[in-house]
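Worksheet: one structure, shown below.
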Amino acid sequence: MARSVTILDVAARAGVSKSAASLALRGTGYVSEAKRRAVHEAAAELGYRPNAAARAMGSRRSGIVGLILDDLRNPWFVPAVEGLSAALHDAGLRPLLGDWRLEGSPLVDRFLELRVEGIVLVGTLDGAESALAGIAPLPAVQVGSPRAQAAGAAVVTNDDAEGARRVVRHLAALGHRDIAHLGAPGTPVGDARRTGFEDEARRLGVAFRSVDAGLTEEAGYRAGKEVLAAAHRPTALFAVNDMAALGALSAAEDLGLAVPRDLSLAGYDDTPVARLRAVGLTSVDNASREAGQVAARLLAELIGGGSLPGAPRATAETVLLPPELKARSSTAPPPAVVR
């Protein structure tokens with residue numbers, strides 16, 4: 001295997017010292033224009049690429065932030081990560097992405113070895129608490145989950161309970177008096193949305209039922225088929241997220257039910273698929289891109305606070321972003337007679 005080009009090789013080619021080559025490449029300190037040009041030409045000729053990890057070991061800063069995602073397949077994460085990445089870039093920080101479901105606890109160790117300056121947790125990571133104990137006292141922010149899994153982490157999330165209440169109010173205003181919720185029990189997001197749904201249905205005097213489903217399309221399909229095939233079916237379904245709502249939509253079609261003629265359907269997260277004209281799914285915009293931006297700015301402030309290793313972390317805070325209902329063609333007044 002060919003030996004990697006080092007800063008010493010660049011310095012030798014340019015005819016300067018190692019320190020002068022390093023200063024020229026970093027653009028810091030005083031280096032004459034002639035030496036700077038010679039170093040850059042030598043680096044280009046040799047194909048030299050700076051080693052970020054080695055550079056971090058020689059300084060107190062790496063400029064890297066570790067992003068740990070619950071599952072890269074979740075469409076909610078796309079705008080959230082876009083917002084995170086853009087705001088981190090503006091703060092002079094570089095995100096390094098990892099998939100918790102794919103890598104698990106070794107991902108945390110890898111980030112620590114790379115001397116990340118902070119951690120962003122996106123979503124709820126299954127069984128991550130013990131692994132995340134090792135990131136203290138690094139600044140940490142959790143995005144998209146109602147609770148922090150890392151001790152002392154700040155939380156930036158949507159007000160899920162309020163979003164669910166808005167769905168119930170929307171359906172009730174259309175005339176629906178029997179609404180079913182396809183939930184995701186045991187998950188922070190699912191529990192918050194179910195609580196909001198049930199509280200608002202009780203307040204409005206609307207008949208309701210909550211059915212265990214899950215966060216996937218398949219879970220929504222199974223639970224949706226069970227509810228819609230019953231002798232007495234609801235006139236509206238509210239799914240815990242858009243993926244489960246799409247599964248329920250398939251179940252309705254399999255049973256010969258048309259949306260919204262026979263059944264109104266709503267989801268949550270306002271993912272790109274919900275906005276497709278062919279789907280037109282009523283959903284709740286949980287400001288995922290904004291959540292990413294707020295989380296990045298908050299993390300940059302925590303990093304800039306500069307607590308030394310071993311010092312207590314800044315007091316954690318919770319930022320709740322207001323949800324917005326996006327009413328589309330999947331919801332309408334109920335049929336006069338439900339067969």
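Identifiers in this document derive from the order of the structure tokens: chains are assigned A, B, ..., residues are numbered from 1 separately in each chain, and ligands are numbered from 1 in order of occurrence.
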Open item on the list: So that I can see what lies close to range 177-189 of chain A, please list as a PyMOL selection string the residues with an atom at most 8 Å from it, counting only C-alpha atoms and leaving out residues fewer than 6 positions away in the same chain.
Closed with: chain A and resi 124+145-147+160+197+206-215+220+223-224+227+234-240+244
Proximity check range 37-136 of chain A to range 11-24 of chain A, 7 Å, nearest pairs one decimal Å, only C-alpha atoms, as JSON lines:
{"residue": "A:Ala38", "atom": "CA", "partner": "A:Ala14", "partner_atom": "CA", "distance": 5.3}
{"residue": "A:Val39", "atom": "CA", "partner": "A:Ala14", "partner_atom": "CA", "distance": 5.2}
{"residue": "A:Ala42", "atom": "CA", "partner": "A:Ala14", "partner_atom": "CA", "distance": 5.7}
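Take the candidates A:Ser62, A:Ser264, A:Ser105, A:Asn286 and check each one against Pro335 in chain A using only C-alpha atoms; the shortest distance goes to A:Ser264.
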Open item on the list: Which residues are close to Ser329 in chain A, i.e. within 9 Å by only C-alpha atoms, leaving aside same-chain residues fewer than 4 positions away? Reply as a ChimeraX atom specification.
Closed with: /A:259-260,264,277,279-282
- [ ] Identify all residues of range 28-115 of chain A in alpha helix (DSSP H) (DSSP on the backbone) and supply them as an MDAnalysis selection string.
- [x] chainID A and resid 33:46 52:57 77:90 100:103 106:113
- [ ] Can you pull out every residue within 8 Å of Glu217 in chain A, counting only C-alpha atoms, but drop anything in the same chain fewer than 2 positions away, and send it as number ranges by chain?
- [x] A: 215, 219-221, 243-248
Contact residues around Ala295 in chain A with only C-alpha atoms at 10 Å, ignoring same-chain residues under 5 positions, as a compact mmCIF listing (two decimals) with C-alpha atoms, in the first residue's frame:
# COMPACT_ATOMS: atom_id res chain seq x y z
CA ALA A 80 -34.47 18.40 10.22
CA GLY A 83 -31.81 22.75 9.02
CA LEU A 84 -29.14 21.36 11.34
CA ALA A 87 -27.06 26.32 10.81
CA LEU A 88 -24.00 24.36 11.96
CA VAL A 120 -27.12 16.11 18.36
CA LEU A 121 -29.56 13.24 18.88
CA VAL A 122 -32.31 13.16 16.26
CA ALA A 140 -25.80 17.78 23.67
CA VAL A 141 -29.16 18.59 22.12
CA GLN A 142 -32.02 16.21 21.37
CA VAL A 143 -34.28 17.01 18.39
CA GLY A 144 -37.76 15.63 17.71
CA ALA A 154 -31.36 20.38 25.82
CA VAL A 155 -34.51 19.38 23.93
CA VAL A 156 -35.93 20.99 20.80
CA THR A 157 -39.19 19.45 19.68
CA ARG A 289 -36.40 22.15 9.58
CA GLU A 290 -36.88 24.93 12.11
CA ALA A 300 -23.27 26.30 18.98
CA GLU A 301 -24.02 28.52 21.97
CA VAL A 319 -37.86 24.41 23.39
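The shortest atom-to-atom distance to Val167 in chain A, with only C-alpha atoms taken into account, belongs to A:Glu198 out of A:Glu253, A:Glu198, A:Glu117, A:Asp90.
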Open item on the list: Quick check for you: according to DSSP on this backbone, which residues of range 67-117 of chain A are classed as strand (DSSP E)? Reply as number ranges by chain.
Closed with: A: 67-69, 94-99
For range 95-98 of chain A, find every residue with an atom within 6 Å (counting only C-alpha atoms), except residues of its own chain fewer than 2 positions away, and show them as a tab-separated table (two decimals) with N, CA and C atoms, in the first residue's frame.
chain	number	residue	atom	x	y	z
A	64	ILE	N	-16.05	19.58	14.81
A	64	ILE	CA	-16.96	18.53	14.36
A	64	ILE	C	-18.08	18.34	15.38
A	65	VAL	N	-19.28	18.16	14.87
A	65	VAL	CA	-20.45	17.84	15.71
A	65	VAL	C	-21.00	16.50	15.24
A	66	GLY	N	-21.22	15.59	16.15
A	66	GLY	CA	-21.78	14.29	15.82
A	66	GLY	C	-23.30	14.33	15.77
A	67	LEU	N	-23.90	13.91	14.65
A	67	LEU	CA	-25.35	13.79	14.53
A	67	LEU	C	-25.71	12.31	14.57
A	68	ILE	N	-26.49	11.91	15.56
A	68	ILE	CA	-26.91	10.52	15.67
A	68	ILE	C	-28.40	10.46	15.38
TODO: Just give me the gap between CA of Lys225 in chain A and CA of Val168 in chain A in Å, one decimal is fine.
DONE: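 CA of Val168 in chain A lies 21.1 Å from CA of Lys225 in chain A.
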Task: Which of A:Leu263, A:Val108, A:Leu321, A:Val294 sits closest to Arg233 in chain A [using only C-alpha atoms] - done: A:Leu263
- [ ] Could you check how far CA of Gly292 in chain A sits from CA of Asn158 in chain A, in Å to one decimal?
- [x]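 Atom-to-atom, CA of Gly292 in chain A to CA of Asn158 in chain A, that is 11.1 Å.
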Open item on the list: Using only C-alpha atoms for the distances, tell me which of A:Ala133, A:Ala252, A:Ala201, A:Ala86 is nearest to Arg166 in chain A.
Closed with: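 Result for the nearest residue to Arg166 in chain A: A:Ala201.
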Open item on the list: Considering only C-alpha atoms, can you say which of A:Leu228, A:Leu132, A:Leu325, A:Ile303 comes closest to Gly118 in chain A?
Closed with: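 Selected residue with least distance to Gly118 in chain A: A:Ile303.
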Open item on the list: For a test of reading the model, state the distance in Å between CA of Arg328 in chain A and CA of Arg202 in chain A, rounded to one decimal.
Closed with: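 Result for CA of Arg328 in chain A versus CA of Arg202 in chain A: 24.8 Å, one decimal.
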